[in-house]
$ cat run02.tsv   # TSV, C-alpha atoms
chain	number	residue	atom	x	y	z
X	1468	MET	CA	94.51	72.73	84.85
X	1469	THR	CA	97.86	72.85	83.15
X	1470	ALA	CA	98.81	71.03	79.99
X	1471	HIS	CA	102.42	70.52	81.10
X	1472	THR	CA	103.44	66.91	81.48
X	1473	PRO	CA	104.52	65.96	85.05
X	1474	GLY	CA	108.17	65.83	83.94
X	1475	ILE	CA	108.04	69.31	82.44
X	1476	GLU	CA	106.19	70.58	85.50
X	1477	ALA	CA	108.94	69.21	87.75
X	1478	LEU	CA	111.65	70.86	85.68
X	1479	ILE	CA	109.84	74.21	85.66
X	1480	ASP	CA	109.46	73.97	89.42
X	1481	LEU	CA	113.18	73.32	89.92
X	1482	PHE	CA	114.27	76.11	87.57
X	1483	GLY	CA	111.79	78.44	89.30
X	1484	ARG	CA	113.66	78.02	92.59
X	1485	PHE	CA	116.77	79.70	91.19
X	1486	PRO	CA	117.40	83.26	92.31
X	1487	GLY	CA	116.18	85.81	89.79
X	1488	ILE	CA	114.23	83.24	87.76
X	1489	GLY	CA	110.52	83.98	87.55
X	1490	ALA	CA	107.77	81.58	86.58
X	1491	ARG	CA	107.79	82.64	82.94
X	1492	THR	CA	111.53	82.29	82.56
X	1493	ALA	CA	111.50	78.90	84.29
X	1494	GLU	CA	108.90	77.74	81.79
X	1495	ARG	CA	110.90	79.04	78.82
X	1496	MET	CA	113.99	77.31	80.20
X	1497	ALA	CA	112.23	73.96	80.55
X	1498	TYR	CA	110.94	74.17	76.99
X	1499	TYR	CA	114.41	75.15	75.83
X	1500	VAL	CA	115.76	71.94	77.38
X	1501	LEU	CA	113.13	70.00	75.45
X	1502	LYS	CA	113.99	71.72	72.18
X	1503	GLN	CA	117.69	71.03	72.53
X	1504	GLU	CA	119.44	68.03	71.09
X	1505	PRO	CA	119.41	65.34	73.83
X	1506	ALA	CA	123.23	65.47	73.90
X	1507	ASP	CA	123.18	69.19	74.69
X	1508	ALA	CA	120.60	68.79	77.41
X	1509	ARG	CA	122.59	65.90	78.85
X	1510	ALA	CA	125.67	68.15	78.92
X	1511	LEU	CA	123.77	70.35	81.35
X	1512	SER	CA	122.79	67.54	83.69
X	1513	ASP	CA	126.36	66.24	83.50
X	1514	ALA	CA	127.76	69.68	84.34
X	1515	ILE	CA	125.47	69.86	87.35
X	1516	ASN	CA	126.56	66.43	88.53
X	1517	HIS	CA	130.17	67.42	87.95
X	1518	VAL	CA	130.03	70.45	90.21
X	1519	ILE	CA	128.17	68.49	92.90
X	1520	THR	CA	130.74	65.73	93.01
X	1521	ARG	CA	133.99	67.40	92.03
X	1522	ILE	CA	134.04	70.90	93.44
X	1523	GLY	CA	135.31	71.40	96.96
X	1524	HIS	CA	137.17	74.21	98.65
X	1525	CYS	CA	140.75	75.39	98.27
X	1526	THR	CA	142.71	74.17	101.29
X	1527	ALA	CA	144.39	77.58	101.63
X	1528	CYS	CA	141.73	80.22	100.98
X	1529	PHE	CA	138.45	78.20	100.94
X	1530	ASN	CA	137.44	79.47	97.52
X	1531	TYR	CA	135.77	76.87	95.32
X	1532	SER	CA	138.31	74.56	93.73
X	1533	GLU	CA	138.43	71.25	91.91
X	1534	VAL	CA	142.00	70.68	93.14
X	1535	ASP	CA	143.86	71.25	96.41
X	1536	LEU	CA	144.88	74.82	95.71
X	1537	CYS	CA	142.57	77.11	93.74
X	1538	GLY	CA	143.62	78.99	90.62
X	1539	VAL	CA	144.35	82.17	92.52
X	1540	CYS	CA	146.39	80.55	95.31
X	1541	SER	CA	148.46	78.54	92.85
X	1542	ASP	CA	149.13	81.51	90.56
X	1543	THR	CA	152.76	82.50	91.23
X	1544	ARG	CA	152.17	86.01	89.84
X	1545	ARG	CA	149.79	86.90	92.67
X	1546	ASP	CA	151.03	89.14	95.47
X	1547	ARG	CA	151.28	86.94	98.55
X	1548	SER	CA	151.64	89.88	100.92
X	1549	VAL	CA	147.94	90.83	100.78
X	1550	LEU	CA	144.92	88.80	101.87
X	1551	CYS	CA	141.46	89.98	100.94
X	1552	VAL	CA	138.84	88.55	103.33
X	1553	VAL	CA	135.39	87.94	101.87
X	1554	GLU	CA	132.25	86.27	103.15
X	1555	GLN	CA	131.53	83.84	100.34
X	1556	GLU	CA	133.07	82.25	97.26
X	1557	SER	CA	131.19	84.36	94.72
X	1558	ASP	CA	132.67	87.52	96.28
X	1559	VAL	CA	136.05	86.38	94.93
X	1560	ILE	CA	134.64	86.46	91.41
X	1561	THR	CA	133.13	89.88	91.96
X	1562	ILE	CA	136.49	91.31	92.99
X	1563	GLU	CA	138.45	89.38	90.33
X	1564	LYS	CA	136.25	90.94	87.66
X	1565	THR	CA	137.48	94.41	88.53
X	1566	GLY	CA	140.89	93.18	87.37
X	1567	GLY	CA	142.53	95.51	89.86
X	1568	TYR	CA	143.37	93.19	92.74
X	1569	LYS	CA	146.53	91.10	92.54
X	1570	GLY	CA	146.72	89.65	96.06
X	1571	LEU	CA	145.25	86.47	97.53
X	1572	TYR	CA	141.86	85.84	99.13
X	1573	HIS	CA	140.48	84.28	102.26
X	1574	VAL	CA	136.87	83.09	102.08
X	1575	LEU	CA	135.19	82.97	105.50
X	1576	LEU	CA	132.32	80.78	104.26
X	1577	GLY	CA	129.91	82.86	106.27
X	1578	ARG	CA	129.59	85.85	108.57
X	1579	ILE	CA	129.18	86.26	112.31
X	1580	SER	CA	125.49	86.48	113.09
X	1581	PRO	CA	124.38	86.41	116.71
X	1582	MET	CA	120.77	86.42	115.48
X	1583	LYS	CA	121.33	83.19	113.59
X	1584	GLY	CA	123.63	81.71	116.22
X	1585	ILE	CA	126.70	81.85	113.98
X	1586	GLY	CA	129.83	82.64	115.99
X	1587	PRO	CA	133.47	83.24	114.99
X	1588	GLU	CA	134.26	79.54	115.43
X	1589	ASP	CA	131.65	78.61	112.82
X	1590	ILE	CA	133.47	80.38	110.00
X	1591	LYS	CA	137.07	80.31	108.75
X	1592	ILE	CA	138.48	82.95	111.10
X	1593	GLY	CA	140.90	80.60	112.91
X	1594	GLU	CA	142.38	79.64	109.56
X	1595	LEU	CA	142.69	83.32	108.64
X	1596	MET	CA	144.67	83.99	111.82
X	1597	GLU	CA	147.08	81.19	110.96
X	1598	ARG	CA	147.63	82.66	107.50
X	1599	ALA	CA	147.98	86.22	108.81
X	1600	LYS	CA	150.79	85.14	111.15
X	1601	HIS	CA	152.98	84.19	108.20
X	1602	GLU	CA	155.76	86.67	107.77
X	1603	GLU	CA	155.02	87.34	104.12
X	1604	VAL	CA	151.53	88.70	104.88
X	1605	LYS	CA	151.67	92.49	105.23
X	1606	GLU	CA	148.04	93.52	104.81
X	1607	VAL	CA	144.63	92.04	105.47
X	1608	ILE	CA	141.79	93.74	103.57
X	1609	LEU	CA	138.43	93.19	105.24
X	1610	ALA	CA	135.98	92.99	102.33
X	1611	THR	CA	132.97	91.61	104.16
X	1612	ASN	CA	129.71	93.32	103.19
X	1613	PRO	CA	128.87	96.79	104.55
X	1614	THR	CA	125.97	95.31	106.51
X	1615	MET	CA	125.37	94.78	110.20
X	1616	GLU	CA	126.71	91.22	110.08
X	1617	GLY	CA	129.55	92.05	107.69
X	1618	ASP	CA	130.64	94.93	109.91
X	1619	THR	CA	130.42	92.76	113.03
X	1620	THR	CA	132.59	90.15	111.33
X	1621	ALA	CA	135.12	92.75	110.18
X	1622	ASN	CA	135.32	94.31	113.63
X	1623	TYR	CA	135.84	90.95	115.28
X	1624	ILE	CA	138.63	90.04	112.87
X	1625	ARG	CA	140.31	93.43	113.34
X	1626	GLU	CA	140.39	92.84	117.09
X	1627	GLN	CA	141.80	89.35	116.67
X	1628	LEU	CA	144.49	90.66	114.31
X	1629	GLY	CA	145.53	93.25	116.92
X	1630	PRO	CA	148.54	91.34	118.31
X	1631	ILE	CA	149.72	90.33	114.83
X	1632	ASP	CA	152.08	92.60	112.92
X	1633	VAL	CA	149.92	93.19	109.89
X	1634	LYS	CA	148.12	96.19	108.43
X	1635	THR	CA	144.32	95.81	108.57
X	1636	THR	CA	142.12	97.75	106.16
X	1637	ARG	CA	138.39	97.86	105.43
X	1638	ILE	CA	136.89	98.42	101.97
X	1639	ALA	CA	135.46	101.91	101.47
X	1640	ARG	CA	131.80	102.74	101.86
X	1641	GLY	CA	130.06	105.71	100.29
X	1642	LEU	CA	127.93	106.63	97.30
X	1643	PRO	CA	127.91	103.99	94.57
X	1644	ALA	CA	129.49	105.17	91.31
X	1645	GLY	CA	126.88	106.52	88.91
X	1646	SER	CA	124.32	107.08	91.66
X	1647	ASN	CA	122.61	110.25	92.73
X	1648	LEU	CA	122.66	111.92	96.15
X	1649	GLU	CA	118.95	112.61	95.77
X	1650	TYR	CA	118.06	108.93	95.83
X	1651	ALA	CA	120.65	107.67	98.30
X	1652	SER	CA	119.56	106.50	101.76
X	1653	LYS	CA	120.62	108.36	104.88
X	1654	ALA	CA	123.03	105.57	105.79
X	1655	ILE	CA	124.78	105.81	102.42
X	1656	VAL	CA	125.04	109.60	102.58
X	1657	SER	CA	126.33	109.43	106.17
X	1658	ASP	CA	129.00	106.93	105.08
X	1659	ALA	CA	129.94	109.14	102.14
X	1660	MET	CA	130.28	112.23	104.31
X	1661	GLU	CA	132.21	110.44	107.03
X	1662	GLY	CA	134.56	108.82	104.55
X	1663	ARG	CA	135.34	112.04	102.67
X	1664	ARG	CA	138.90	112.46	101.45
X	1665	GLU	CA	140.98	115.50	100.76
X	1666	LEU	CA	141.46	116.34	97.08
Z	222	MET	CA	141.53	85.84	84.15
Z	223	THR	CA	138.60	84.28	85.88
Z	224	ALA	CA	138.70	82.56	89.23
Z	225	HIS	CA	135.89	80.16	88.33
Z	226	THR	CA	136.87	76.52	88.36
Z	227	PRO	CA	136.51	74.77	84.97
Z	228	GLY	CA	133.43	72.91	86.18
Z	229	ILE	CA	131.71	76.10	87.33
Z	230	GLU	CA	132.73	77.81	84.09
Z	231	ALA	CA	131.13	75.00	82.08
Z	232	LEU	CA	127.91	75.24	84.07
Z	233	ILE	CA	127.75	79.03	83.68
Z	234	ASP	CA	128.31	78.63	79.95
Z	235	LEU	CA	125.45	76.13	79.64
Z	236	PHE	CA	123.03	78.20	81.71
Z	237	GLY	CA	124.01	81.26	79.68
Z	238	ARG	CA	122.71	79.61	76.50
Z	239	PHE	CA	119.15	79.60	77.80
Z	240	PRO	CA	116.82	82.21	76.34
Z	241	GLY	CA	116.49	85.26	78.54
Z	242	ILE	CA	119.40	84.27	80.78
Z	243	GLY	CA	122.20	86.82	80.82
Z	244	ALA	CA	125.77	86.28	81.94
Z	245	ARG	CA	125.12	87.54	85.47
Z	246	THR	CA	122.07	85.36	85.97
Z	247	ALA	CA	123.89	82.32	84.60
Z	248	GLU	CA	126.64	82.92	87.13
Z	249	ARG	CA	124.19	83.30	90.00
Z	250	MET	CA	122.45	80.11	88.91
Z	251	ALA	CA	125.69	78.12	88.84
Z	252	TYR	CA	126.59	79.33	92.32
Z	253	TYR	CA	123.08	78.50	93.49
Z	254	VAL	CA	123.60	74.91	92.31
Z	255	LEU	CA	126.81	74.81	94.35
Z	256	LYS	CA	125.11	76.17	97.46
Z	257	GLN	CA	122.27	73.67	97.30
Z	258	GLU	CA	122.25	70.39	99.09
Z	259	PRO	CA	123.70	67.80	96.67
Z	260	ALA	CA	120.37	65.96	96.68
Z	261	ASP	CA	118.54	69.08	95.51
Z	262	ALA	CA	121.04	69.76	92.76
Z	263	ARG	CA	120.84	66.14	91.70
Z	264	ALA	CA	117.04	66.47	91.49
Z	265	LEU	CA	117.61	69.06	88.78
Z	266	SER	CA	119.97	66.94	86.72
Z	267	ASP	CA	117.56	64.02	87.15
Z	268	ALA	CA	114.63	66.16	86.00
Z	269	ILE	CA	116.59	67.17	82.91
Z	270	ASN	CA	117.45	63.56	82.13
Z	271	HIS	CA	113.84	62.62	82.70
Z	272	VAL	CA	112.47	65.06	80.14
Z	273	ILE	CA	115.15	64.06	77.62
Z	274	THR	CA	114.38	60.39	77.86
Z	275	ARG	CA	110.69	60.26	78.71
Z	276	ILE	CA	108.91	63.08	76.95
Z	277	GLY	CA	107.72	62.51	73.43
Z	278	HIS	CA	104.75	63.79	71.47
Z	279	CYS	CA	101.07	63.00	71.79
Z	280	THR	CA	100.14	60.65	68.95
Z	281	ALA	CA	96.96	62.64	68.27
Z	282	CYS	CA	97.88	66.33	68.59
Z	283	PHE	CA	101.71	66.29	68.79
Z	284	ASN	CA	101.78	68.23	72.03
Z	285	TYR	CA	104.45	67.09	74.47
Z	286	SER	CA	103.40	63.98	76.34
Z	287	GLU	CA	104.91	61.28	78.51
Z	288	VAL	CA	102.20	58.85	77.41
Z	289	ASP	CA	100.45	58.04	74.12
Z	290	LEU	CA	97.72	60.63	74.46
Z	291	CYS	CA	98.46	63.97	76.11
Z	292	GLY	CA	96.47	65.35	79.05
Z	293	VAL	CA	94.28	67.51	76.83
Z	294	CYS	CA	93.47	64.79	74.27
Z	295	SER	CA	92.64	62.25	76.97
Z	296	ASP	CA	90.46	64.68	78.94
Z	297	THR	CA	86.87	63.59	78.23
Z	298	ARG	CA	85.52	67.01	79.23
Z	299	ARG	CA	87.20	68.73	76.25
Z	300	ASP	CA	85.10	69.72	73.27
Z	301	ARG	CA	86.14	67.40	70.43
Z	302	SER	CA	84.42	69.50	67.77
Z	303	VAL	CA	87.09	72.22	67.76
Z	304	LEU	CA	90.78	71.92	66.84
Z	305	CYS	CA	93.11	74.81	67.59
Z	306	VAL	CA	96.16	74.68	65.31
Z	307	VAL	CA	99.39	76.08	66.78
Z	308	GLU	CA	103.00	76.15	65.63
Z	309	GLN	CA	104.73	74.72	68.68
Z	310	GLU	CA	104.10	72.87	71.93
Z	311	SER	CA	104.53	75.88	74.20
Z	312	ASP	CA	101.71	77.68	72.35
Z	313	VAL	CA	99.35	75.11	73.87
Z	314	ILE	CA	100.38	76.24	77.33
Z	315	THR	CA	99.94	79.88	76.39
Z	316	ILE	CA	96.37	79.27	75.28
Z	317	GLU	CA	95.59	76.89	78.16
Z	318	LYS	CA	96.57	79.62	80.60
Z	319	THR	CA	93.75	81.86	79.40
Z	320	GLY	CA	91.42	79.17	80.73
Z	321	GLY	CA	88.90	80.06	78.04
Z	322	TYR	CA	89.48	77.37	75.44
Z	323	LYS	CA	87.84	74.00	75.90
Z	324	GLY	CA	88.57	72.31	72.55
Z	325	LEU	CA	91.50	70.21	71.42
Z	326	TYR	CA	94.81	71.25	69.83
Z	327	HIS	CA	96.92	70.33	66.87
Z	328	VAL	CA	100.60	71.18	67.11
Z	329	LEU	CA	102.25	71.59	63.69
Z	330	LEU	CA	105.78	71.31	65.11
Z	331	GLY	CA	106.88	74.14	62.85
Z	332	ARG	CA	105.67	76.59	60.25
Z	333	ILE	CA	105.95	76.79	56.48
Z	334	SER	CA	109.05	78.80	55.63
Z	335	PRO	CA	110.18	78.94	52.00
Z	336	MET	CA	113.22	80.93	53.17
Z	337	LYS	CA	114.31	78.07	55.41
Z	338	GLY	CA	113.22	75.37	52.98
Z	339	ILE	CA	110.43	74.14	55.25
Z	340	GLY	CA	107.42	73.01	53.25
Z	341	PRO	CA	103.94	71.74	54.22
Z	342	GLU	CA	105.18	68.15	54.18
Z	343	ASP	CA	107.80	68.96	56.84
Z	344	ILE	CA	105.21	69.81	59.48
Z	345	LYS	CA	102.12	68.04	60.79
Z	346	ILE	CA	99.65	69.34	58.18
Z	347	GLY	CA	98.86	65.92	56.67
Z	348	GLU	CA	97.96	64.67	60.13
Z	349	LEU	CA	95.77	67.74	60.66
Z	350	MET	CA	93.86	66.98	57.45
Z	351	GLU	CA	93.19	63.43	58.64
Z	352	ARG	CA	91.82	64.76	61.93
Z	353	ALA	CA	89.75	67.48	60.25
Z	354	LYS	CA	87.98	64.89	58.10
Z	355	HIS	CA	86.49	63.24	61.16
Z	356	GLU	CA	82.80	63.96	61.37
Z	357	GLU	CA	82.96	65.27	64.92
Z	358	VAL	CA	85.28	68.17	63.97
Z	359	LYS	CA	83.21	71.29	63.22
Z	360	GLU	CA	85.79	74.08	63.47
Z	361	VAL	CA	89.53	74.49	62.93
Z	362	ILE	CA	90.98	77.59	64.57
Z	363	LEU	CA	94.23	78.68	62.93
Z	364	ALA	CA	96.31	80.04	65.79
Z	365	THR	CA	99.68	80.23	64.07
Z	366	ASN	CA	101.55	83.45	64.81
Z	367	PRO	CA	100.54	86.70	63.08
Z	368	THR	CA	103.87	86.74	61.24
Z	369	MET	CA	104.81	86.23	57.61
Z	370	GLU	CA	105.47	82.52	58.14
Z	371	GLY	CA	102.53	82.01	60.48
Z	372	ASP	CA	100.21	83.68	57.98
Z	373	THR	CA	101.62	81.64	55.10
Z	374	THR	CA	101.03	78.47	57.10
Z	375	ALA	CA	97.48	79.51	58.02
Z	376	ASN	CA	96.65	80.39	54.40
Z	377	TYR	CA	97.99	77.10	53.13
Z	378	ILE	CA	95.97	75.13	55.67
Z	379	ARG	CA	92.81	77.12	54.87
Z	380	GLU	CA	93.19	76.19	51.21
Z	381	GLN	CA	93.75	72.55	52.04
Z	382	LEU	CA	90.69	72.53	54.27
Z	383	GLY	CA	88.55	73.94	51.43
Z	384	PRO	CA	87.02	70.62	50.28
Z	385	ILE	CA	86.41	69.50	53.86
Z	386	ASP	CA	83.13	70.39	55.55
Z	387	VAL	CA	84.56	72.31	58.48
Z	388	LYS	CA	84.51	75.96	59.58
Z	389	THR	CA	87.97	77.56	59.43
Z	390	THR	CA	88.75	80.58	61.59
Z	391	ARG	CA	91.88	82.66	62.23
Z	392	ILE	CA	92.74	84.24	65.59
Z	393	ALA	CA	92.16	88.00	65.68
Z	394	ARG	CA	94.91	90.53	65.15
Z	395	GLY	CA	94.82	94.12	66.36
Z	396	LEU	CA	96.02	96.29	69.20
Z	397	PRO	CA	97.29	94.32	72.19
Z	398	ALA	CA	95.17	94.84	75.32
Z	399	GLY	CA	96.59	97.56	77.52
Z	400	SER	CA	98.60	99.09	74.70
Z	401	ASN	CA	98.46	102.56	73.27
Z	402	LEU	CA	97.72	103.63	69.70
Z	403	GLU	CA	100.51	106.17	69.96
Z	404	TYR	CA	103.17	103.49	70.28
Z	405	ALA	CA	101.73	100.84	67.98
Z	406	SER	CA	103.41	100.07	64.66
Z	407	LYS	CA	101.70	100.82	61.36
Z	408	ALA	CA	101.13	97.08	60.80
Z	409	ILE	CA	99.37	96.73	64.15
Z	410	VAL	CA	97.19	99.80	63.57
Z	411	SER	CA	96.33	98.63	60.03
Z	412	ASP	CA	95.29	95.25	61.43
Z	413	ALA	CA	93.21	96.94	64.11
Z	414	MET	CA	91.43	99.18	61.60
Z	415	GLU	CA	90.84	96.38	59.15
Z	416	GLY	CA	89.56	94.02	61.82
Z	417	ARG	CA	87.13	96.55	63.32
Z	418	ARG	CA	83.81	95.18	64.52
Z	419	GLU	CA	80.41	96.74	64.88
Z	420	LEU	CA	79.38	97.54	68.43
$ encode --input "run02.tsv" --output "structure tokens"
Amino acid sequence: MTAHTPGIEALIDLFGRFPGIGARTAERMAYYVLKQEPADARALSDAINHVITRIGHCTACFNYSEVDLCGVCSDTRRDRSVLCVVEQESDVITIEKTGGYKGLYHVLLGRISPMKGIGPEDIKIGELMERAKHEEVKEVILATNPTMEGDTTANYIREQLGPIDVKTTRIARGLPAGSNLEYASKAIVSDAMEGRREL
Amino acid sequence: MTAHTPGIEALIDLFGRFPGIGARTAERMAYYVLKQEPADARALSDAINHVITRIGHCTACFNYSEVDLCGVCSDTRRDRSVLCVVEQESDVITIEKTGGYKGLYHVLLGRISPMKGIGPEDIKIGELMERAKHEEVKEVILATNPTMEGDTTANYIREQLGPIDVKTTRIARGLPAGSNLEYASKAIVSDAMEGRREL
């Protein structure tokens, strides 16, 4: 038997469904909610309701946004000649955190996956083509994941971009910084060898 | 700059305040909320509101409860002759999980801390004395933490229980199971030596 009340049990169960949250952490989180001032705990439920009801997608790049154009698209300092194509919204954050990219994004909201029956028409590739045709766009960086599906998606987009006068690039693959050849998989080492550059 | 929307930022901030939740996990959690079906995300905010508004304390032992008497206190199979005294509600769960304790609990809702200005009257010691006086109670197990404040609290309660005809015991301290003498602190080793038992 457990001595949790049904309400606490329900909360632990819901927290436990989050990625990276184990049973122990979920339990600690639920008890933390209980220990908080009711106003603070309510701020959390309000924040959850807020994102459910208020957050949609940027009409230009399909990143998350609470307004028509997301913060990146509406930032006049961004370089409008480059589009970085990513699979999902959180990939934008990952790249933004490097602080090195100054162009715009295009979020596909998925990846081509024949296994799962997801074709090019199911993700935002048509919209990408429309954007790429604009004269100001000079380069499209394909930053889908270096996985089977990410590569398939990148290859498809590269083909589609063929007739359009735009440079198409793919993010580099190789050994991750700080890693060790000894522990890298064959696929990683092959990528690193193949992608070698002259010094 | 960050490309999070203000609503996502707020949610990440709130998740990040939880114990054991780092910045990366908080971010993943917020994005998980966004990826969920709205109904599932709303279940979480509802569960939070539920525990805020519905969960109080058992009128007998001060464990969390959604009704007058908590699940342990109202369970007729529990041994009413033993009271296990703990500092906080989650300690009940910790002991329940061992599956070995069949008595009742008494949650102090704190510990005596002269440093923080918390005295015996600020926690549920008076209520414990009332319960201990009942004829059916034969043993009070002091399961406050083996810390300065937990020990102070246990010692104070032992003194208070002096005139009452009840056995008072303190949970054992020593080397944690699975640990190694080599890495144990002097305090742990001293406890282990002092608490040695004949075989």
$ interface_residues --input "run02.tsv" --of "chain X" --to "chain Z" --cutoff "6 Å" --atoms "all atoms listed in the file" --output "ChimeraX atom specification"
/X:1472,1474,1478,1505,1512,1514,1518-1519,1532
$ closest_residue --input "run02.tsv" --among "X:Val1633, X:Gly1489, X:Met1596, X:Arg1625" --to "Val1549 (chain X)" --atoms "all atoms listed in the file"
X:Val1633
$ closest_residue --input "run02.tsv" --among "Z:Val358, Z:Ile333, Z:Ile339, Z:Ile344" --to "Glu370 (chain Z)" --atoms "only C-alpha atoms"
Z:Ile333
$ atom_distance --input "run02.tsv" --atom1 "CA of Leu363 (chain Z)" --atom2 "CA of Arg391 (chain Z)"
4.7 Å
$ atom_distance --input "run02.tsv" --atom1 "CA of Thr390 (chain Z)" --atom2 "CA of Cys305 (chain Z)"
9.4 Å
$ axis_aligned_box --input "run02.tsv" --around "region 321-339 of chain Z" --padding-each-side "6 Å" --output "lines of an AutoDock Vina configuration file"
center_x = 101.1
center_y = 75.6
center_z = 65.0
size_x = 38.5
size_y = 22.7
size_z = 38.0
$ atom_distance --input "run02.tsv" --atom1 "CA of Gly395 (chain Z)" --atom2 "CA of Pro367 (chain Z)"
9.9 Å
$ residues_around --input "run02.tsv" --residues "Ser334 (chain Z)" --least-positions-apart "3" --cutoff "9 Å" --atoms "all atoms listed in the file" --output "count of residues only"
11
$ residues_around --input "run02.tsv" --residues "Gly324 (chain Z)" --least-positions-apart "4" --cutoff "6 Å" --atoms "only C-alpha atoms" --output "list of chain:residue names"
Z:Arg299, Z:Asp300, Z:Arg301, Z:Val303
$ residues_near_point --input "run02.tsv" --point "(94.6, 97.1, 61.6)" --cutoff "12 Å" --atoms "only C-alpha atoms" --output "CSV table (one decimal) with C-alpha atoms, in the coordinates of the input"
chain,number,residue,atom,x,y,z
Z,393,ALA,CA,92.2,88.0,65.7
Z,394,ARG,CA,94.9,90.5,65.2
Z,395,GLY,CA,94.8,94.1,66.4
Z,396,LEU,CA,96.0,96.3,69.2
Z,397,PRO,CA,97.3,94.3,72.2
Z,402,LEU,CA,97.7,103.6,69.7
Z,405,ALA,CA,101.7,100.8,68.0
Z,406,SER,CA,103.4,100.1,64.7
Z,407,LYS,CA,101.7,100.8,61.4
Z,408,ALA,CA,101.1,97.1,60.8
Z,409,ILE,CA,99.4,96.7,64.2
Z,410,VAL,CA,97.2,99.8,63.6
Z,411,SER,CA,96.3,98.6,60.0
Z,412,ASP,CA,95.3,95.2,61.4
Z,413,ALA,CA,93.2,96.9,64.1
Z,414,MET,CA,91.4,99.2,61.6
Z,415,GLU,CA,90.8,96.4,59.2
Z,416,GLY,CA,89.6,94.0,61.8
Z,417,ARG,CA,87.1,96.6,63.3
Z,418,ARG,CA,83.8,95.2,64.5
$ build_atoms --input "run02.tsv" --residues "region 1579-1591 of chain X" --atoms "N, CA and C atoms" --output "short mmCIF file (atom, residue, chain, number, x, y, z; two decimals), in the coordinates of the input"
data_model
loop_
_atom_site.label_atom_id
_atom_site.label_comp_id
_atom_site.auth_asym_id
_atom_site.auth_seq_id
_atom_site.Cartn_x
_atom_site.Cartn_y
_atom_site.Cartn_z
N ILE X 1579 129.65 86.37 110.92
CA ILE X 1579 129.18 86.26 112.31
C ILE X 1579 127.77 86.82 112.39
N SER X 1580 126.88 86.04 112.97
CA SER X 1580 125.49 86.48 113.09
C SER X 1580 124.90 85.99 114.39
N PRO X 1581 124.94 86.83 115.42
CA PRO X 1581 124.38 86.41 116.71
C PRO X 1581 122.91 86.01 116.57
N MET X 1582 122.20 86.72 115.69
CA MET X 1582 120.77 86.42 115.48
C MET X 1582 120.57 84.99 115.00
N LYS X 1583 121.48 84.53 114.15
CA LYS X 1583 121.33 83.19 113.59
C LYS X 1583 122.20 82.18 114.34
N GLY X 1584 122.80 82.61 115.44
CA GLY X 1584 123.63 81.71 116.22
C GLY X 1584 124.92 81.30 115.54
N ILE X 1585 125.44 82.16 114.66
CA ILE X 1585 126.70 81.85 113.98
C ILE X 1585 127.81 82.67 114.63
N GLY X 1586 128.73 81.99 115.30
CA GLY X 1586 129.83 82.64 115.99
C GLY X 1586 131.11 82.57 115.19
N PRO X 1587 132.18 83.21 115.69
CA PRO X 1587 133.47 83.24 114.99
C PRO X 1587 134.01 81.83 114.70
N GLU X 1588 133.72 80.90 115.61
CA GLU X 1588 134.26 79.54 115.43
C GLU X 1588 133.54 78.77 114.33
N ASP X 1589 132.40 79.31 113.86
CA ASP X 1589 131.65 78.61 112.82
C ASP X 1589 132.13 78.98 111.42
N ILE X 1590 132.97 80.00 111.31
CA ILE X 1590 133.47 80.38 110.00
C ILE X 1590 135.01 80.32 110.02
N LYS X 1591 135.63 80.60 108.89
CA LYS X 1591 137.07 80.31 108.75
C LYS X 1591 137.97 81.43 109.29
#
